[in-house]
>>> print(open('target_26.pdb').read())   # PDB, C-alpha atoms
ATOM      1  CA  MET M 436     144.168  39.805  46.667
ATOM      2  CA  ARG M 437     147.037  37.336  46.254
ATOM      3  CA  ARG M 438     148.916  39.740  43.979
ATOM      4  CA  LEU M 439     148.409  42.574  46.443
ATOM      5  CA  ILE M 440     149.769  40.504  49.329
ATOM      6  CA  LEU M 441     152.778  39.347  47.307
ATOM      7  CA  PHE M 442     153.436  42.946  46.284
ATOM      8  CA  TRP M 443     153.470  43.908  49.968
ATOM      9  CA  PHE M 444     155.982  41.154  50.716
ATOM     10  CA  ARG M 445     158.155  42.243  47.803
ATOM     11  CA  ARG M 446     158.229  45.841  49.041
ATOM     12  CA  GLN M 447     158.966  44.762  52.606
ATOM     13  CA  ALA M 448     161.729  42.418  51.464
ATOM     14  CA  ALA M 449     163.371  45.157  49.398
ATOM     15  CA  LYS M 450     163.271  47.575  52.309
ATOM     16  CA  ALA M 451     164.710  45.014  54.733
ATOM     17  CA  ALA M 452     167.383  43.923  52.254
ATOM     18  CA  MET M 453     168.641  47.471  51.799
ATOM     19  CA  HIS M 454     169.330  47.600  55.528
ATOM     20  CA  VAL M 455     170.660  44.067  56.098
ATOM     21  CA  LEU M 456     172.880  43.898  53.017
ATOM     22  CA  SER M 457     174.393  47.381  53.331
ATOM     23  CA  PRO M 458     177.473  46.215  55.324
ATOM     24  CA  TYR M 459     178.292  43.719  52.560
ATOM     25  CA  PHE M 460     177.399  45.475  49.306
ATOM     26  CA  GLU M 461     177.264  48.931  47.772
ATOM     27  CA  ARG M 462     173.792  50.352  47.174
ATOM     28  CA  SER M 463     174.076  49.735  43.424
ATOM     29  CA  GLU M 464     174.950  46.089  44.072
ATOM     30  CA  ILE M 465     171.992  45.647  46.394
ATOM     31  CA  LEU M 466     169.646  47.069  43.786
ATOM     32  CA  ASP M 467     171.171  44.661  41.271
ATOM     33  CA  ILE M 468     170.621  41.752  43.670
ATOM     34  CA  LEU M 469     166.992  42.772  44.109
ATOM     35  CA  ARG M 470     166.443  42.943  40.351
ATOM     36  CA  ASN M 471     168.158  39.628  39.680
ATOM     37  CA  TYR M 472     166.485  37.664  42.460
ATOM     38  CA  TRP M 473     163.104  38.879  41.214
ATOM     39  CA  GLN M 474     163.944  37.693  37.709
ATOM     40  CA  ARG M 475     164.902  34.301  39.132
ATOM     41  CA  TYR M 476     161.572  34.191  40.974
ATOM     42  CA  GLN M 477     159.695  34.944  37.753
ATOM     43  CA  VAL M 478     161.139  31.717  36.348
ATOM     44  CA  LEU M 479     160.526  29.660  39.488
ATOM     45  CA  LYS M 480     156.914  30.765  39.858
ATOM     46  CA  LEU M 481     156.028  29.163  36.520
ATOM     47  CA  GLU M 482     156.436  25.781  38.239
ATOM     48  CA  ILE M 483     154.177  26.619  41.195
ATOM     49  CA  SER M 484     150.956  24.654  41.404
ATOM     50  CA  GLN M 485     147.807  26.134  42.917
ATOM     51  CA  MET M 486     147.383  25.132  46.574
ATOM     52  CA  PRO M 487     144.002  24.348  48.174
ATOM     53  CA  THR M 488     144.068  27.688  50.011
ATOM     54  CA  MET M 489     145.194  31.187  49.110
ATOM     55  CA  GLY M 490     147.397  31.223  52.206
ATOM     56  CA  GLY M 491     149.135  28.055  51.090
ATOM     57  CA  THR M 492     149.646  29.431  47.589
ATOM     58  CA  ILE M 493     151.150  32.645  48.976
ATOM     59  CA  MET M 494     153.529  30.656  51.181
ATOM     60  CA  ILE M 495     154.768  28.665  48.182
ATOM     61  CA  HIS M 496     155.336  31.862  46.223
ATOM     62  CA  LEU M 497     157.308  33.245  49.171
ATOM     63  CA  SER M 498     159.292  29.999  49.234
ATOM     64  CA  ALA M 499     160.127  30.545  45.568
ATOM     65  CA  MET M 500     161.186  34.122  46.323
ATOM     66  CA  SER M 501     163.364  32.833  49.160
ATOM     67  CA  THR M 502     164.945  30.277  46.848
ATOM     68  CA  ALA M 503     165.608  32.932  44.218
ATOM     69  CA  PHE M 504     167.284  35.182  46.789
ATOM     70  CA  TYR M 505     169.394  32.287  48.077
ATOM     71  CA  GLU M 506     170.498  31.346  44.568
ATOM     72  CA  GLU M 507     171.333  34.950  43.705
ATOM     73  CA  LEU M 508     173.650  35.407  46.686
ATOM     74  CA  ILE M 509     175.275  32.003  46.189
ATOM     75  CA  SER M 510     175.933  32.907  42.554
ATOM     76  CA  ARG M 511     177.866  35.945  43.822
ATOM     77  CA  GLY M 512     180.242  33.801  45.847
ATOM     78  CA  ILE M 513     178.580  34.307  49.226
ATOM     79  CA  SER M 514     178.869  31.194  51.401
ATOM     80  CA  LYS M 515     175.812  29.133  52.323
ATOM     81  CA  GLU M 516     176.247  30.059  55.977
ATOM     82  CA  VAL M 517     176.399  33.808  55.369
ATOM     83  CA  THR M 518     173.584  33.677  52.817
ATOM     84  CA  THR M 519     171.404  31.808  55.302
ATOM     85  CA  GLN M 520     172.096  34.339  58.064
ATOM     86  CA  LEU M 521     171.458  37.308  55.794
ATOM     87  CA  PHE M 522     168.162  35.857  54.632
ATOM     88  CA  TYR M 523     167.179  35.083  58.237
ATOM     89  CA  ASN M 524     167.804  38.705  59.222
ATOM     90  CA  ILE M 525     165.770  39.999  56.286
ATOM     91  CA  ALA M 526     162.914  37.547  56.843
ATOM     92  CA  TRP M 527     162.677  38.351  60.542
ATOM     93  CA  LYS M 528     162.058  42.031  59.803
ATOM     94  CA  ILE M 529     159.005  40.955  57.802
ATOM     95  CA  TYR M 530     157.852  38.094  60.023
ATOM     96  CA  LYS M 531     157.794  40.244  63.138
ATOM     97  CA  LYS M 532     155.405  42.665  61.411
ATOM     98  CA  MET M 533     153.043  39.757  60.774
ATOM     99  CA  GLY M 534     153.479  38.633  64.365
ATOM    100  CA  ARG M 535     152.808  42.061  65.825
ATOM    101  CA  LEU M 536     149.542  42.357  63.927
ATOM    102  CA  SER M 537     148.315  38.970  65.169
ATOM    103  CA  TRP M 538     149.440  39.776  68.723
ATOM    104  CA  ARG M 539     147.549  43.068  68.719
ATOM    105  CA  LEU M 540     144.409  41.495  67.311
ATOM    106  CA  ALA M 541     144.609  38.696  69.872
ATOM    107  CA  GLY M 542     144.904  41.177  72.716
ATOM    108  CA  TRP M 543     141.643  43.012  72.124
ATOM    109  CA  SER M 544     139.406  40.555  73.949
ATOM    110  CA  SER M 545     141.871  38.319  75.804
ATOM    111  CA  LEU M 546     141.425  37.877  79.533
ATOM    112  CA  ASN M 547     144.950  36.619  80.250
ATOM    113  CA  SER M 548     148.299  35.791  78.647
ATOM    114  CA  TYR M 549     147.328  32.206  77.811
ATOM    115  CA  SER M 550     144.138  33.315  76.087
ATOM    116  CA  ARG M 551     146.040  35.884  74.046
ATOM    117  CA  LEU M 552     148.728  33.386  73.027
ATOM    118  CA  LEU M 553     146.079  30.844  72.036
ATOM    119  CA  LYS M 554     144.298  33.405  69.852
ATOM    120  CA  ALA M 555     147.529  34.620  68.243
ATOM    121  CA  THR M 556     148.555  31.111  67.226
ATOM    122  CA  LYS M 557     145.050  30.412  65.955
ATOM    123  CA  LEU M 558     145.147  33.554  63.829
ATOM    124  CA  PHE M 559     148.336  32.323  62.155
ATOM    125  CA  ARG M 560     146.732  28.921  61.558
ATOM    126  CA  THR M 561     143.696  30.647  60.083
ATOM    127  CA  PHE M 562     145.824  32.633  57.644
ATOM    128  CA  PRO M 563     148.225  32.163  56.002
ATOM    129  CA  PHE M 564     149.167  28.762  57.482
ATOM    130  CA  ASN M 565     145.695  27.319  57.101
ATOM    131  CA  SER M 566     144.269  23.894  56.314
ATOM    132  CA  PRO M 567     144.071  21.954  54.088
ATOM    133  CA  SER M 568     147.325  23.306  52.627
ATOM    134  CA  TYR M 569     148.722  22.742  56.108
ATOM    135  CA  LEU M 570     147.608  19.937  58.414
ATOM    136  CA  TRP M 571     147.346  20.689  62.151
ATOM    137  CA  SER M 572     146.533  18.594  65.199
ATOM    138  CA  ASP M 573     145.794  20.164  68.599
ATOM    139  CA  VAL M 574     147.591  18.494  71.490
ATOM    140  CA  PRO M 575     146.816  18.810  75.234
ATOM    141  CA  ALA M 576     150.034  20.224  76.685
ATOM    142  CA  GLY M 577     149.285  21.264  80.276
ATOM    143  CA  ASP M 578     148.539  24.541  82.018
ATOM    144  CA  ASN M 579     149.623  27.726  80.269
ATOM    145  CA  VAL M 580     150.907  25.810  77.255
ATOM    146  CA  VAL M 581     149.445  26.029  73.747
ATOM    147  CA  GLY M 582     150.224  22.752  72.026
ATOM    148  CA  PHE M 583     149.699  21.561  68.472
ATOM    149  CA  ASP M 584     151.536  19.550  65.824
ATOM    150  CA  CYS M 585     152.047  20.397  62.177
ATOM    151  CA  LEU M 586     151.692  17.181  60.194
ATOM    152  CA  LYS M 587     151.949  18.665  56.713
ATOM    153  CA  CYS M 588     153.945  21.698  55.604
ATOM    154  CA  PRO M 589     153.980  22.665  51.914
ATOM    155  CA  VAL M 590     156.897  25.027  52.501
ATOM    156  CA  ALA M 591     159.057  22.200  53.855
ATOM    157  CA  GLU M 592     158.041  20.066  50.876
ATOM    158  CA  TYR M 593     158.964  22.849  48.447
ATOM    159  CA  PHE M 594     162.453  23.327  49.859
ATOM    160  CA  LYS M 595     163.060  19.573  50.166
ATOM    161  CA  ALA M 596     162.338  19.136  46.456
ATOM    162  CA  ARG M 597     165.106  21.659  45.762
ATOM    163  CA  GLY M 598     167.673  20.285  48.190
ATOM    164  CA  LEU M 599     167.290  23.277  50.510
ATOM    165  CA  SER M 600     165.786  21.663  53.616
ATOM    166  CA  ASP M 601     168.649  22.870  55.817
ATOM    167  CA  PHE M 602     168.162  26.430  54.572
ATOM    168  CA  CYS M 603     164.437  26.169  55.320
ATOM    169  CA  ALA M 604     165.001  24.808  58.833
ATOM    170  CA  LYS M 605     167.539  27.511  59.724
ATOM    171  CA  THR M 606     165.431  30.362  58.380
ATOM    172  CA  TRP M 607     161.691  29.784  58.004
ATOM    173  CA  CYS M 608     161.479  27.337  60.922
ATOM    174  CA  ASP M 609     163.863  29.091  63.308
ATOM    175  CA  LEU M 610     161.962  32.368  62.979
ATOM    176  CA  ASP M 611     159.270  30.865  65.205
ATOM    177  CA  TYR M 612     161.555  31.179  68.246
ATOM    178  CA  PRO M 613     161.915  34.981  68.255
ATOM    179  CA  LEU M 614     158.222  35.151  67.336
ATOM    180  CA  ALA M 615     157.386  33.260  70.533
ATOM    181  CA  ASN M 616     159.542  35.652  72.528
ATOM    182  CA  MET M 617     157.682  38.587  70.991
ATOM    183  CA  TRP M 618     154.453  36.923  72.070
ATOM    184  CA  ASP M 619     155.663  36.715  75.697
ATOM    185  CA  ALA M 620     156.197  32.991  75.377
ATOM    186  CA  GLU M 621     158.876  30.357  74.962
ATOM    187  CA  LEU M 622     158.683  27.894  72.090
ATOM    188  CA  LYS M 623     159.825  24.348  72.649
ATOM    189  CA  ARG M 624     159.994  22.088  69.615
ATOM    190  CA  THR M 625     161.892  18.814  69.415
ATOM    191  CA  GLY M 626     161.924  18.724  65.628
ATOM    192  CA  SER M 627     160.565  20.082  62.380
ATOM    193  CA  ILE M 628     159.509  18.529  59.092
ATOM    194  CA  ALA M 629     162.121  20.585  57.254
ATOM    195  CA  ALA M 630     164.821  19.198  59.553
ATOM    196  CA  GLY M 631     163.728  15.620  58.887
ATOM    197  CA  ALA M 632     161.153  14.979  61.622
ATOM    198  CA  LYS M 633     157.736  13.534  60.841
ATOM    199  CA  LYS M 634     156.032  16.523  62.422
ATOM    200  CA  CYS M 635     156.676  19.952  63.913
ATOM    201  CA  ASP M 636     155.661  19.702  67.585
ATOM    202  CA  PHE M 637     154.869  23.250  68.695
ATOM    203  CA  ARG M 638     154.657  23.881  72.438
ATOM    204  CA  TRP M 639     154.167  27.563  73.229
ATOM    205  CA  ILE M 640     154.767  28.170  76.933
ATOM    206  CA  VAL M 641     153.420  31.335  78.532
ATOM    207  CA  LYS M 642     156.166  33.278  80.307
TER     208      LYS M 642
END
>>> encode(input="target_26.pdb", output="structure tokens")
Amino acid sequence: MRRLILFWFRRQAAKAAMHVLSPYFERSEILDILRNYWQRYQVLKLEISQMPTMGGTIMIHLSAMSTAFYEELISRGISKEVTTQLFYNIAWKIYKKMGRLSWRLAGWSSLNSYSRLLKATKLFRTFPFNSPSYLWSDVPAGDNVVGFDCLKCPVAEYFKARGLSDFCAKTWCDLDYPLANMWDAELKRTGSIAAGAKKCDFRWIVK
């Protein structure tokens, strides 16, 4: 199952990259980037330890793929800022597909917008961002607000160990904001573990 899911992500990433990178590279160059980043990932994945959950393990493999892509573009003389933005654009095309699925599933039996938002966020915390790989704490946050804190994030730990916390915060973490908008909500978060905070304080506010 893990291999099947990672294969899906690889295919989606390749498809998104062909679109996002086309203004910057010729098709042959993009195909070369895709081959080379995958080779880099094959090396990085040898260092990956098994996580307590399959979801956690998949997220670490995706972190390694992200790192490989980042390193490949940097090696081609692309600046950190442009590389980060390009990866963000590619990742969002994939993340929104995950978000749409959860949003549709959450809408089947929801009575109102708050109920649907609560179910959608719970689906994400059930898989792939599930405990004990991740550590979550529900927080009372008022009417029409879904509140919880992330106290442990293996993805943030992975990127920190490689000196890429800023890249993680500006890509993986920042993707939660357009996700909230897609879920008819506004996300307010004062900090993230990747950006140096002790926790990620998620407050999803129903629009």
>>> closest_atom_pairs(input="target_26.pdb", of="region 551-592 of chain M", to="region 498-519 of chain M", cutoff="12 Å", atoms="all atoms listed in the file", output="CSV")
residue,atom,partner,partner_atom,distance
M:Cys588,CA,M:Ser498,CA,11.8
M:Pro589,CA,M:Ser498,CA,9.4
M:Val590,CA,M:Ser498,CA,6.4
M:Ala591,CA,M:Ser498,CA,9.1
M:Glu592,CA,M:Ser498,CA,10.1
>>> resolve_selection(input="target_26.pdb", expression="the PyMOL selection byres ((chain M and resi 583) around 7)", output="number ranges by chain")
M: 571-574, 581-582, 584-585, 636-638
>>> closest_atom_pairs(input="target_26.pdb", of="region 520-577 of chain M", to="region 481-486 of chain M", cutoff="12 Å", atoms="only C-alpha atoms", output="tab-separated table")
residue	atom	partner	partner_atom	distance
M:Pro563	CA	M:Met486	CA	11.8
M:Phe564	CA	M:Met486	CA	11.6
M:Asn565	CA	M:Met486	CA	10.9
M:Ser566	CA	M:Met486	CA	10.3
M:Pro567	CA	M:Met486	CA	8.8
M:Ser568	CA	M:Met486	CA	6.3
M:Tyr569	CA	M:Met486	CA	9.9
>>> residues_near_point(input="target_26.pdb", point="(157.8, 44.5, 58.1)", cutoff="9 Å", atoms="all atoms listed in the file", output="list in words")
Phe444, Gln447, Ala448, Lys450, Ala451, Ala526, Trp527, Lys528, Ile529, Tyr530, Lys531, Lys532 and Met533 of chain M
>>> atom_distance(input="target_26.pdb", atom1="CA of Ala604 (chain M)", atom2="CA of His496 (chain M)")
17.4 Å
>>> atom_distance(input="target_26.pdb", atom1="CA of Thr556 (chain M)", atom2="CA of Phe602 (chain M)")
23.8 Å
>>> atom_distance(input="target_26.pdb", atom1="CA of Ser600 (chain M)", atom2="CA of Ala629 (chain M)")
5.3 Å
>>> resolve_selection(input="target_26.pdb", expression="the PyMOL selection byres ((chain M and resi 617) around 9)", output="list of chain:residue names")
M:Lys531, M:Gly534, M:Arg535, M:Trp538, M:Tyr612, M:Pro613, M:Leu614, M:Ala615, M:Asn616, M:Trp618, M:Asp619, M:Ala620
>>> resolve_selection(input="target_26.pdb", expression="the PyMOL selection byres ((chain M and resi 437) around 10)", output="PyMOL selection string")
chain M and resi 436+438-443+489-490+492-493+496
>>> closest_residue(input="target_26.pdb", among="M:Lys642, M:Arg551, M:Lys557, M:Lys605", to="Ala630 (chain M)", atoms="all atoms listed in the file")
M:Lys605
>>> axis_aligned_box(input="target_26.pdb", around="region 564-571 of chain M", padding_each_side="8 Å", output="lines of an AutoDock Vina configuration file")
center_x = 146.6
center_y = 24.3
center_z = 57.4
size_x = 21.1
size_y = 24.8
size_z = 25.5
>>> closest_residue(input="target_26.pdb", among="M:Ser627, M:Leu536, M:Ile640, M:Ala449", to="Ala576 (chain M)", atoms="all atoms listed in the file")
M:Ile640
